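Peer 1: What follows is the file protein_9.txt, containing compact mmCIF, C-alpha atoms:
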```txt
# COMPACT_ATOMS: atom_id res chain seq x y z
CA MET H 905 -32.93 24.01 15.47
CA PRO H 906 -30.08 22.95 17.82
CA GLU H 907 -26.57 23.25 16.46
CA PRO H 908 -24.98 19.80 15.83
CA LEU H 909 -22.31 18.81 18.36
CA LYS H 910 -18.75 19.27 17.19
CA ARG H 911 -16.91 15.97 16.89
CA ASP H 912 -14.18 15.47 19.45
CA TYR H 913 -11.70 13.49 17.38
CA PRO H 914 -8.82 13.16 19.87
CA LYS H 915 -11.11 11.73 22.54
CA THR H 916 -12.92 9.30 20.26
CA PRO H 917 -11.72 5.66 20.22
CA ASP H 918 -10.51 4.07 17.00
CA ASP H 919 -13.76 2.29 16.15
CA GLY H 920 -15.70 5.56 16.39
CA LEU H 921 -13.20 7.32 14.15
CA VAL H 922 -13.33 4.44 11.68
CA ALA H 923 -17.12 4.69 11.50
CA TRP H 924 -16.92 8.43 10.81
CA ALA H 925 -14.15 7.92 8.28
CA GLN H 926 -16.23 5.25 6.54
CA ALA H 927 -18.92 7.89 6.13
CA GLY H 928 -16.37 10.15 4.42
CA ASP H 929 -15.04 12.19 7.33
CA THR H 930 -11.41 12.90 6.41
CA GLU H 931 -10.76 14.63 9.73
CA ALA H 932 -11.55 11.39 11.54
CA PHE H 933 -9.20 9.60 9.19
CA GLU H 934 -6.49 12.18 9.84
CA GLU H 935 -6.79 11.44 13.56
CA LEU H 936 -6.32 7.73 12.86
CA VAL H 937 -3.24 8.53 10.78
CA PHE H 938 -1.89 10.67 13.58
CA ARG H 939 -2.41 7.93 16.16
CA HIS H 940 -0.89 5.04 14.24
CA ARG H 941 1.56 6.63 11.80
CA ASP H 942 4.67 5.76 13.82
CA LYS H 943 3.75 2.09 14.14
CA ILE H 944 2.93 1.79 10.44
CA TYR H 945 6.10 3.59 9.45
CA ALA H 946 8.17 1.49 11.88
CA ARG H 947 6.88 -1.72 10.33
CA ALA H 948 7.65 -0.46 6.83
CA PHE H 949 11.12 0.59 7.95
CA MET H 950 11.71 -2.78 9.60
CA MET H 951 10.93 -4.51 6.32
CA MET H 952 12.66 -2.15 3.91
CA ARG H 953 15.48 -0.58 5.98
CA GLN H 954 15.32 2.58 3.87
CA GLU H 955 13.82 5.75 5.27
CA ASP H 956 12.44 7.18 2.03
CA GLU H 957 11.05 3.88 0.89
CA ALA H 958 9.45 3.25 4.26
CA LEU H 959 7.92 6.72 4.26
CA ASP H 960 6.44 6.29 0.78
CA LEU H 961 5.09 2.83 1.51
CA SER H 962 3.56 3.86 4.81
CA GLN H 963 1.76 6.77 3.13
CA GLU H 964 0.64 4.51 0.32
CA ALA H 965 -0.76 2.15 2.96
CA TRP H 966 -2.90 4.95 4.38
CA VAL H 967 -4.22 5.83 0.95
CA LYS H 968 -5.08 2.17 0.33
CA ALA H 969 -6.73 1.97 3.73
CA TRP H 970 -8.94 4.95 2.91
CA GLN H 971 -9.96 3.34 -0.37
CA ARG H 972 -10.74 0.02 1.33
CA LEU H 973 -12.19 1.35 4.54
CA HIS H 974 -15.60 -0.12 3.72
CA GLN H 975 -13.96 -3.58 3.86
CA PHE H 976 -12.95 -3.13 7.48
CA HIS H 977 -15.59 -4.64 9.77
CA GLY H 978 -13.63 -4.75 13.01
CA GLU H 979 -12.54 -8.42 12.88
CA SER H 980 -9.18 -7.23 14.19
CA SER H 981 -8.09 -3.91 15.64
CA PHE H 982 -7.68 -1.06 13.19
CA ALA H 983 -3.94 -0.96 13.91
CA THR H 984 -3.58 -4.66 13.06
CA TRP H 985 -5.56 -4.19 9.86
CA MET H 986 -3.34 -1.26 8.89
CA THR H 987 -0.18 -3.20 9.68
CA ARG H 988 -1.28 -5.98 7.35
CA ILE H 989 -1.80 -3.47 4.56
CA VAL H 990 1.64 -1.92 4.94
CA ILE H 991 3.32 -5.33 5.19
CA ASN H 992 1.62 -6.48 2.00
CA LEU H 993 2.85 -3.35 0.25
CA CYS H 994 6.38 -3.99 1.53
CA LEU H 995 6.27 -7.60 0.35
CA ASP H 996 5.10 -6.46 -3.08
CA GLN H 997 7.93 -3.97 -3.20
CA ILE H 998 10.50 -6.54 -2.13
CA ARG H 999 9.14 -8.93 -4.74
CA ARG H 1000 9.39 -6.23 -7.38
CA GLN H 1001 12.98 -5.66 -6.40
CA LYS H 1002 13.47 -9.43 -6.63
CA LYS H 1003 15.10 -9.39 -3.25
CA ILE H 1004 12.99 -12.08 -1.68
CA ARG H 1005 13.59 -14.84 -4.21
CA SER H 1006 17.12 -14.02 -5.16
CA GLU H 1007 19.78 -16.44 -4.15
CA SER H 1008 21.81 -14.39 -1.77
CA ILE H 1009 24.98 -15.73 -0.22
CA ASP H 1010 23.13 -16.24 3.05
CA GLN H 1011 20.42 -18.26 1.39
CA LEU H 1012 22.88 -20.48 -0.40
CA GLU H 1013 24.71 -21.04 2.84
CA GLU H 1014 21.46 -21.87 4.56
CA GLU H 1015 20.42 -24.37 1.93
CA ALA H 1016 23.85 -26.00 1.88
CA GLY H 1017 23.55 -26.90 5.56
CA GLY H 1018 24.67 -23.67 7.20
CA VAL H 1019 21.83 -23.99 9.69
CA GLU H 1020 23.65 -26.67 11.64
CA ARG H 1021 26.98 -24.90 11.42
CA LEU H 1022 25.46 -21.81 12.98
CA MET H 1023 24.66 -23.61 16.20
CA PRO H 1024 27.00 -22.20 18.84
CA ALA H 1025 28.49 -24.67 21.32
CA GLU H 1026 27.34 -22.57 24.23
CA GLU H 1027 24.70 -19.93 24.22
CA ILE H 1028 25.26 -16.69 26.07
CA ASN H 1029 22.65 -14.00 26.43
CA PRO H 1030 23.96 -11.29 24.12
CA THR H 1031 21.83 -8.56 25.68
CA GLU H 1032 22.31 -9.37 29.34
CA GLY H 1033 22.86 -6.31 31.49
CA LEU H 1034 21.86 -3.86 28.79
CA GLU H 1035 19.15 -1.23 29.09
CA LYS H 1036 15.93 -1.85 27.20
CA GLY H 1037 16.57 1.00 24.78
CA GLU H 1038 20.05 -0.30 24.02
CA VAL H 1039 18.74 -3.83 23.46
CA ARG H 1040 16.15 -2.48 21.07
CA ARG H 1041 18.77 -0.50 19.19
CA ARG H 1042 21.04 -3.52 18.87
CA ILE H 1043 18.23 -5.74 17.69
CA ASP H 1044 17.33 -3.12 15.11
CA GLU H 1045 20.93 -2.94 13.94
CA ALA H 1046 21.14 -6.72 13.68
CA MET H 1047 17.82 -6.87 11.81
CA GLY H 1048 19.30 -4.49 9.28
CA LYS H 1049 22.06 -6.96 8.55
CA LEU H 1050 19.69 -9.79 7.63
CA THR H 1051 18.72 -10.35 4.03
CA PRO H 1052 15.25 -9.07 3.07
CA ALA H 1053 14.06 -12.66 2.70
CA HIS H 1054 15.08 -13.64 6.22
CA ARG H 1055 13.96 -10.37 7.73
CA ALA H 1056 10.51 -10.65 6.17
CA VAL H 1057 9.94 -14.11 7.66
CA LEU H 1058 11.15 -12.99 11.07
CA VAL H 1059 8.97 -9.87 11.10
CA LEU H 1060 5.88 -11.76 9.99
CA HIS H 1061 6.37 -14.49 12.57
CA GLU H 1062 7.76 -12.71 15.60
CA PHE H 1063 6.14 -9.30 15.35
CA GLU H 1064 2.95 -10.04 13.46
CA GLY H 1065 2.38 -13.49 14.95
CA LEU H 1066 1.59 -15.20 11.65
CA GLN H 1067 1.63 -18.98 11.33
CA TYR H 1068 3.98 -20.73 8.91
CA LYS H 1069 1.23 -21.32 6.35
CA GLU H 1070 0.15 -17.68 6.36
CA ILE H 1071 3.73 -16.56 5.87
CA ALA H 1072 4.24 -19.06 3.08
CA ASP H 1073 1.10 -17.81 1.32
CA ARG H 1074 2.05 -14.18 1.67
CA ILE H 1075 5.61 -14.59 0.46
CA GLY H 1076 4.85 -17.25 -2.12
CA VAL H 1077 7.23 -19.96 -0.91
CA SER H 1078 6.77 -23.41 0.62
CA ILE H 1079 6.22 -23.99 4.35
CA GLY H 1080 9.56 -25.82 4.41
CA THR H 1081 11.31 -22.73 3.11
CA VAL H 1082 9.58 -20.59 5.74
CA MET H 1083 10.77 -22.97 8.49
CA SER H 1084 14.28 -23.01 7.16
CA ARG H 1085 14.47 -19.23 6.76
CA LEU H 1086 13.01 -18.62 10.18
CA PHE H 1087 15.49 -20.93 11.84
CA TYR H 1088 18.38 -19.41 9.98
CA ALA H 1089 17.19 -15.85 10.70
CA ARG H 1090 16.95 -16.55 14.43
CA ARG H 1091 20.37 -18.06 14.58
CA ARG H 1092 21.88 -15.34 12.44
CA LEU H 1093 20.30 -12.68 14.62
CA ALA H 1094 21.66 -14.29 17.78
CA SER H 1095 25.07 -14.51 16.17
CA LEU H 1096 24.96 -10.84 15.10
CA LEU H 1097 23.92 -9.74 18.58
CA GLN H 1098 26.82 -11.62 20.10
CA GLY H 1099 29.12 -10.01 17.56
CA LEU H 1100 27.84 -6.55 18.43
CA ARG H 1101 28.41 -7.23 22.10
CA ARG H 1102 31.99 -8.34 21.48
CA GLU H 1103 32.65 -5.28 19.29
CA ARG H 1104 31.56 -2.89 22.04
CA GLN H 1105 33.29 -4.55 24.94
CA PRO H 1106 36.19 -2.39 26.23
CA MET X 1076 21.78 -32.97 14.87
CA LYS X 1077 20.06 -33.07 11.55
CA LYS X 1078 18.46 -30.05 9.96
CA GLU X 1079 15.05 -31.76 9.92
CA GLN X 1080 15.26 -32.39 13.64
CA LEU X 1081 16.11 -28.74 14.36
CA LEU X 1082 13.28 -27.50 12.21
CA GLU X 1083 10.87 -29.91 13.82
CA LEU X 1084 11.91 -28.67 17.26
CA GLN X 1085 11.37 -25.10 16.12
CA ALA X 1086 7.92 -25.99 14.76
CA CYS X 1087 6.97 -27.52 18.12
CA LEU X 1088 8.12 -24.41 19.99
CA ASP X 1089 6.23 -22.16 17.57
CA GLY X 1090 2.99 -24.03 18.20
CA GLU X 1091 2.86 -25.54 14.73
CA ARG X 1092 2.58 -29.13 15.95
CA ASP X 1093 -0.04 -30.87 18.06
CA ALA X 1094 0.32 -31.38 21.80
CA GLN X 1095 1.44 -35.00 21.52
CA ARG X 1096 4.22 -34.25 19.07
CA SER X 1097 5.36 -31.29 21.16
CA ALA X 1098 5.46 -33.44 24.30
CA GLU X 1099 7.61 -36.03 22.50
CA MET X 1100 10.01 -33.32 21.43
CA GLU X 1101 10.18 -31.91 24.97
CA ALA X 1102 11.11 -35.37 26.24
CA HIS X 1103 13.75 -35.61 23.55
CA CYS X 1104 15.23 -32.25 24.56
CA ALA X 1105 15.42 -33.40 28.17
CA THR X 1106 17.62 -36.35 27.25
CA ASP X 1107 19.70 -34.67 24.53
CA PRO X 1108 21.71 -31.68 25.87
CA ASN X 1109 22.48 -30.33 22.41
CA LEU X 1110 18.86 -30.34 21.41
CA GLY X 1111 18.02 -28.82 24.80
CA ALA X 1112 20.50 -25.99 24.12
CA VAL X 1113 18.90 -25.28 20.76
CA ARG X 1114 15.51 -25.23 22.45
CA GLU X 1115 16.73 -22.59 24.91
CA ALA X 1116 18.32 -20.55 22.14
CA ILE X 1117 15.11 -20.47 20.11
CA LEU X 1118 13.03 -19.50 23.13
CA ASN X 1119 15.50 -16.76 24.09
CA SER X 1120 15.57 -15.37 20.57
CA ARG X 1121 11.79 -15.33 20.39
CA GLN X 1122 11.41 -13.64 23.75
CA LEU X 1123 14.06 -11.08 22.91
CA LEU X 1124 12.35 -10.03 19.71
CA ARG X 1125 8.82 -9.97 21.07
CA GLN X 1126 9.84 -7.85 24.03
CA HIS X 1127 11.92 -5.42 22.03
CA ASP X 1128 10.04 -4.61 18.88
CA PRO X 1129 12.21 -1.78 17.50
CA ASP X 1130 10.31 1.48 17.22
CA HIS X 1131 10.85 4.11 14.59
CA HIS X 1132 9.23 7.49 14.24
CA VAL X 1133 8.02 9.14 11.06
CA PRO X 1134 10.90 11.46 10.11
CA VAL X 1135 8.64 14.30 8.89
CA SER X 1136 6.07 16.54 10.57
CA ARG X 1137 2.49 15.44 11.10
CA GLU X 1138 1.25 18.12 8.69
CA PHE X 1139 3.64 17.18 5.91
CA TYR X 1140 2.90 13.50 6.30
CA TRP X 1141 -0.86 14.04 6.28
CA ARG X 1142 -0.86 16.53 3.38
CA GLN X 1143 0.63 13.96 1.05
CA ILE X 1144 -2.01 11.42 2.02
CA GLU X 1145 -4.81 13.97 1.88
CA ARG X 1146 -3.81 15.02 -1.61
CA GLN X 1147 -4.44 11.48 -2.80
CA ILE X 1148 -7.67 10.76 -0.99
CA THR X 1149 -9.51 13.98 -1.81
CA PRO X 1150 -10.03 15.10 -5.39
CA GLU X 1151 -8.23 18.30 -6.23
CA PRO X 1152 -10.48 21.28 -6.95
CA GLY X 1153 -8.59 21.84 -10.21
CA ASN X 1154 -9.81 18.51 -11.54
CA ARG X 1155 -13.48 19.29 -11.02
CA PRO X 1156 -15.37 20.73 -13.99
CA THR X 1157 -16.00 24.41 -13.31
CA PRO X 1158 -18.85 26.43 -14.81
CA GLU X 1159 -16.26 28.40 -16.81
CA SER X 1160 -14.95 25.26 -18.39
CA TRP X 1161 -18.34 24.60 -19.98
CA ILE X 1162 -18.42 27.90 -21.88
CA PRO X 1163 -15.93 26.90 -24.58
CA SER X 1164 -17.82 23.69 -25.23
CA TRP X 1165 -21.07 25.57 -25.76
CA ASN X 1166 -19.28 27.87 -28.17
CA LEU X 1167 -18.03 24.82 -29.97
CA VAL X 1168 -21.55 23.43 -30.25
CA LEU X 1169 -22.92 26.72 -31.53
CA ARG X 1170 -20.07 27.09 -33.99
CA TRP X 1171 -20.97 23.78 -35.59
CA LEU X 1172 -24.71 23.75 -35.01
CA VAL X 1173 -25.46 26.83 -37.12
CA PRO X 1174 -23.78 25.83 -40.38
CA VAL X 1175 -24.80 22.20 -40.05
CA GLY X 1176 -28.38 23.27 -39.39
CA GLY X 1177 -28.24 25.49 -42.44
CA LEU X 1178 -26.89 22.72 -44.58
CA ALA X 1179 -29.60 20.37 -43.34
CA ALA X 1180 -32.22 22.95 -44.28
CA ALA X 1181 -30.71 23.30 -47.74
CA VAL X 1182 -30.75 19.56 -48.27
CA ALA X 1183 -34.38 19.48 -47.17
CA LEU X 1184 -35.15 22.21 -49.69
CA PHE X 1185 -33.29 20.36 -52.38
CA GLN X 1186 -35.48 17.32 -51.77
CA LEU X 1187 -38.67 19.29 -52.59
CA PRO X 1188 -39.82 18.41 -56.14
CA ASP X 1189 -40.09 21.36 -58.59
CA SER X 1190 -42.68 19.55 -60.58
CA PRO X 1191 -43.91 16.00 -60.61
CA ASN X 1192 -42.21 15.19 -63.94
CA THR X 1193 -38.99 17.09 -63.88
CA PRO X 1194 -36.78 16.51 -60.87
CA PRO X 1195 -33.99 19.07 -60.49
CA GLN X 1196 -30.98 18.04 -62.57
CA THR X 1197 -28.23 20.09 -61.11
CA ALA X 1198 -28.15 22.15 -58.04
CA LYS X 1199 -25.52 24.14 -56.22
CA VAL X 1200 -25.93 24.67 -52.54
CA THR X 1201 -23.80 27.02 -50.63
CA SER X 1202 -23.94 27.77 -47.00
CA SER X 1203 -22.42 30.64 -45.19
CA THR X 1204 -22.58 32.09 -41.78
CA GLN X 1205 -22.42 35.76 -41.19
CA LEU X 1206 -22.88 38.06 -38.29
CA ALA X 1207 -25.99 40.21 -38.34
CA LEU X 1208 -24.40 43.63 -38.15
CA ASN X 1209 -27.56 45.58 -37.67
CA THR X 1210 -28.85 43.85 -34.57
CA GLY X 1211 -25.60 42.58 -33.07
CA THR X 1212 -27.57 40.16 -30.93
CA ALA X 1213 -27.66 36.95 -32.88
CA GLU X 1214 -26.12 35.12 -35.75
CA SER X 1215 -28.03 34.70 -39.02
CA THR X 1216 -27.56 32.06 -41.66
CA SER X 1217 -28.30 32.32 -45.33
CA VAL X 1218 -28.63 29.40 -47.68
CA GLU X 1219 -28.53 29.82 -51.39
CA TYR X 1220 -30.18 27.34 -53.73
CA ARG X 1221 -29.63 27.66 -57.46
CA SER X 1222 -31.06 25.39 -60.16
CA GLU X 1223 -29.22 25.93 -63.43
CA SER X 1224 -31.85 24.11 -65.50
CA ASP X 1225 -34.72 26.17 -64.16
CA GLY X 1226 -32.73 29.37 -63.89
CA VAL X 1227 -33.97 29.87 -60.36
CA THR X 1228 -32.06 31.11 -57.37
CA ILE X 1229 -33.53 30.97 -53.90
CA HIS X 1230 -32.04 32.76 -50.89
CA TRP X 1231 -33.17 31.48 -47.54
CA ILE X 1232 -32.32 33.61 -44.59
CA HIS X 1233 -33.03 32.74 -40.98
```
Rewrite the coordinates I just gave you, this time as structure tokens.
Peer 2:
Amino acid sequence: MPEPLKRDYPKTPDDGLVAWAQAGDTEAFEELVFRHRDKIYARAFMMMRQEDEALDLSQEAWVKAWQRLHQFHGESSFATWMTRIVINLCLDQIRRQKKIRSESIDQLEEEAGGVERLMPAEEINPTEGLEKGEVRRRIDEAMGKLTPAHRAVLVLHEFEGLQYKEIADRIGVSIGTVMSRLFYARRRLASLLQGLRRERQP
Amino acid sequence: MKKEQLLELQACLDGERDAQRSAEMEAHCATDPNLGAVREAILNSRQLLRQHDPDHHVPVSREFYWRQIERQITPEPGNRPTPESWIPSWNLVLRWLVPVGGLAAAVALFQLPDSPNTPPQTAKVTSSTQLALNTGTAESTSVEYRSESDGVTIHWIH
């Protein structure tokens, strides 16, 4: 009887690994974890801004994914499916911490008409002339200064490409609130980036 | 500019409105410099974020990260019932089965009529379990039945 071929995990594409993992192959699942762990962790960190919390939530997302692997039928890429899982966990965590619904100073300012006040008279490109890595670092720093509520909306819309209604459903707020938060978050981010540029100018 | 107008512009740029409404808003931006500036700012902000998704790397080793996941997705060997773990339960069954069996036998004996007219009036049933010293291979049970009225004592050993 011929010996069965050894599975070549690193050379197998995601869908092949998923199929093996669905049949109970934990080594195939480990390969998927290895391939996508940074992206999943980065998304968790972007939402939570805490290393330990992001680490725990990203690992929890992988455990959940393993348990629900039979529900994945390839409608989206595996990475997209995983990202949705980790974002849902982050939103649950934020909700538990009551960060997303709390009336922060920023939110009060936004609802009192701060949106219009944040419009600068003239817009300058705050990242002009900077290297890509530096721009990324500054954006990350500015994202960290947003409230969890504003950051969540921005991440879901800009990085995950969700529509207003999907964001509203996920967070549990009205579409109007999503629009308002998104606008405020964009303006606040632009303002923070300009501030960072001014701070670092010689 | 009113807040509603700004949000409506943003919705058009985000593809949340139909083509006709978006075209109307574009025309509006062309004639209103302030609204046009907001339009540019939103587009710049969107482009900036989408092109520079911040990346972060897992701050622990691959092995450490995976071990913690693996621990939760595979049952630990310690949680599985081992053959050894069944031995105490069998001992427990035997410990109870022998005296209860003996007692059941005694009750069955007690139910047997002595004579058709005189049912036993009083009876004392005792049950004990003792180790058979001579053989050392099995447990034996003795049941003692005593009827005071008939002056009869029966020993049943098995």
Peer 1: Which residues, written as number ranges by chain, have at least one atom at most 6 Å from region 1117-1128 of chain X, with only C-alpha atoms counted and residues fewer than 2 positions away on the same chain left out?
Peer 2: H: 1040; X: 1114-1115
Peer 1: Hey, could you make a per-residue contact list for chain X against chain H with 12 Å as the cut-off, showing the nearest pair of atoms and its distance in Å to one decimal, counting all atoms listed in the file, sorted by chain and number, as CSV?
Peer 2:
```
residue,atom,partner,partner_atom,distance
X:Met1076,CA,H:Glu1020,CA,7.3
X:Lys1077,CA,H:Glu1020,CA,7.3
X:Lys1078,CA,H:Glu1020,CA,6.4
X:Glu1079,CA,H:Ser1084,CA,9.2
X:Gln1080,CA,H:Glu1020,CA,10.3
X:Leu1081,CA,H:Phe1087,CA,8.2
X:Leu1082,CA,H:Met1083,CA,6.4
X:Glu1083,CA,H:Met1083,CA,8.8
X:Leu1084,CA,H:Phe1087,CA,10.1
X:Gln1085,CA,H:Phe1087,CA,7.3
X:Ala1086,CA,H:Met1083,CA,7.5
X:Cys1087,CA,H:Met1083,CA,11.3
X:Leu1088,CA,H:Phe1087,CA,11.5
X:Asp1089,CA,H:Gln1067,CA,8.4
X:Gly1090,CA,H:Gln1067,CA,8.6
X:Glu1091,CA,H:Gln1067,CA,7.5
X:Arg1092,CA,H:Tyr1068,CA,11.0
X:Pro1108,CA,H:Ala1025,CA,10.8
X:Asn1109,CA,H:Ala1025,CA,8.3
X:Leu1110,CA,H:Met1023,CA,10.3
X:Gly1111,CA,H:Glu1027,CA,11.1
X:Ala1112,CA,H:Glu1027,CA,7.4
X:Val1113,CA,H:Met1023,CA,7.5
X:Arg1114,CA,H:Glu1027,CA,10.8
X:Glu1115,CA,H:Glu1027,CA,8.4
X:Ala1116,CA,H:Glu1027,CA,6.7
X:Ile1117,CA,H:Arg1090,CA,7.1
X:Leu1118,CA,H:Arg1090,CA,10.0
X:Asn1119,CA,H:Asn1029,CA,8.0
X:Ser1120,CA,H:Arg1090,CA,6.4
X:Arg1121,CA,H:Glu1062,CA,6.8
X:Gln1122,CA,H:Glu1062,CA,9.0
X:Leu1123,CA,H:Ile1043,CA,8.6
X:Leu1124,CA,H:Glu1062,CA,6.7
X:Arg1125,CA,H:Glu1062,CA,6.2
X:Gln1126,CA,H:Arg1040,CA,8.8
X:His1127,CA,H:Arg1040,CA,5.2
X:Asp1128,CA,H:Arg1040,CA,6.8
X:Pro1129,CA,H:Arg1040,CA,5.4
X:Asp1130,CA,H:Ala946,CA,5.8
X:His1131,CA,H:Ala946,CA,4.6
X:His1132,CA,H:Asp942,CA,4.9
X:Val1133,CA,H:Asp942,CA,5.5
X:Pro1134,CA,H:Glu955,CA,8.0
X:Val1135,CA,H:Leu959,CA,8.9
X:Ser1136,CA,H:Phe938,CA,10.3
X:Arg1137,CA,H:Phe938,CA,6.9
X:Glu1138,CA,H:Phe938,CA,9.4
X:Phe1139,CA,H:Gln963,CA,10.9
X:Tyr1140,CA,H:Gln963,CA,7.5
X:Trp1141,CA,H:Glu934,CA,6.9
X:Arg1142,CA,H:Glu934,CA,9.6
X:Gln1143,CA,H:Gln963,CA,7.6
X:Ile1144,CA,H:Gln963,CA,6.1
X:Glu1145,CA,H:Thr930,CA,8.1
X:Arg1146,CA,H:Val967,CA,9.5
X:Gln1147,CA,H:Val967,CA,6.8
X:Ile1148,CA,H:Val967,CA,6.3
X:Thr1149,CA,H:Thr930,CA,8.5
```
Peer 1: Take CA of Glu1070 (chain H) and CA of Asp1093 (chain X) and report the distance between them in Å, one decimal.
Peer 2: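 Calculated distance between CA of Glu1070 (chain H) and CA of Asp1093 (chain X) is 17.6 Å.
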Peer 1: CA of Asp919 (chain H) and CA of Gly978 (chain H), how far apart in Å?
Peer 2: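 These atoms are spaced 7.7 Å apart.
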Peer 1: In the coordinates of the file, take the point (-16.1, 13.4, 14.8) and a cut-off of 10 Å; then, counting all atoms listed in the file, name each qualifying protein, DNA or RNA residue as a PyMOL selection string.
Peer 2: chain H and resi 909-916+920-925+929-933+935
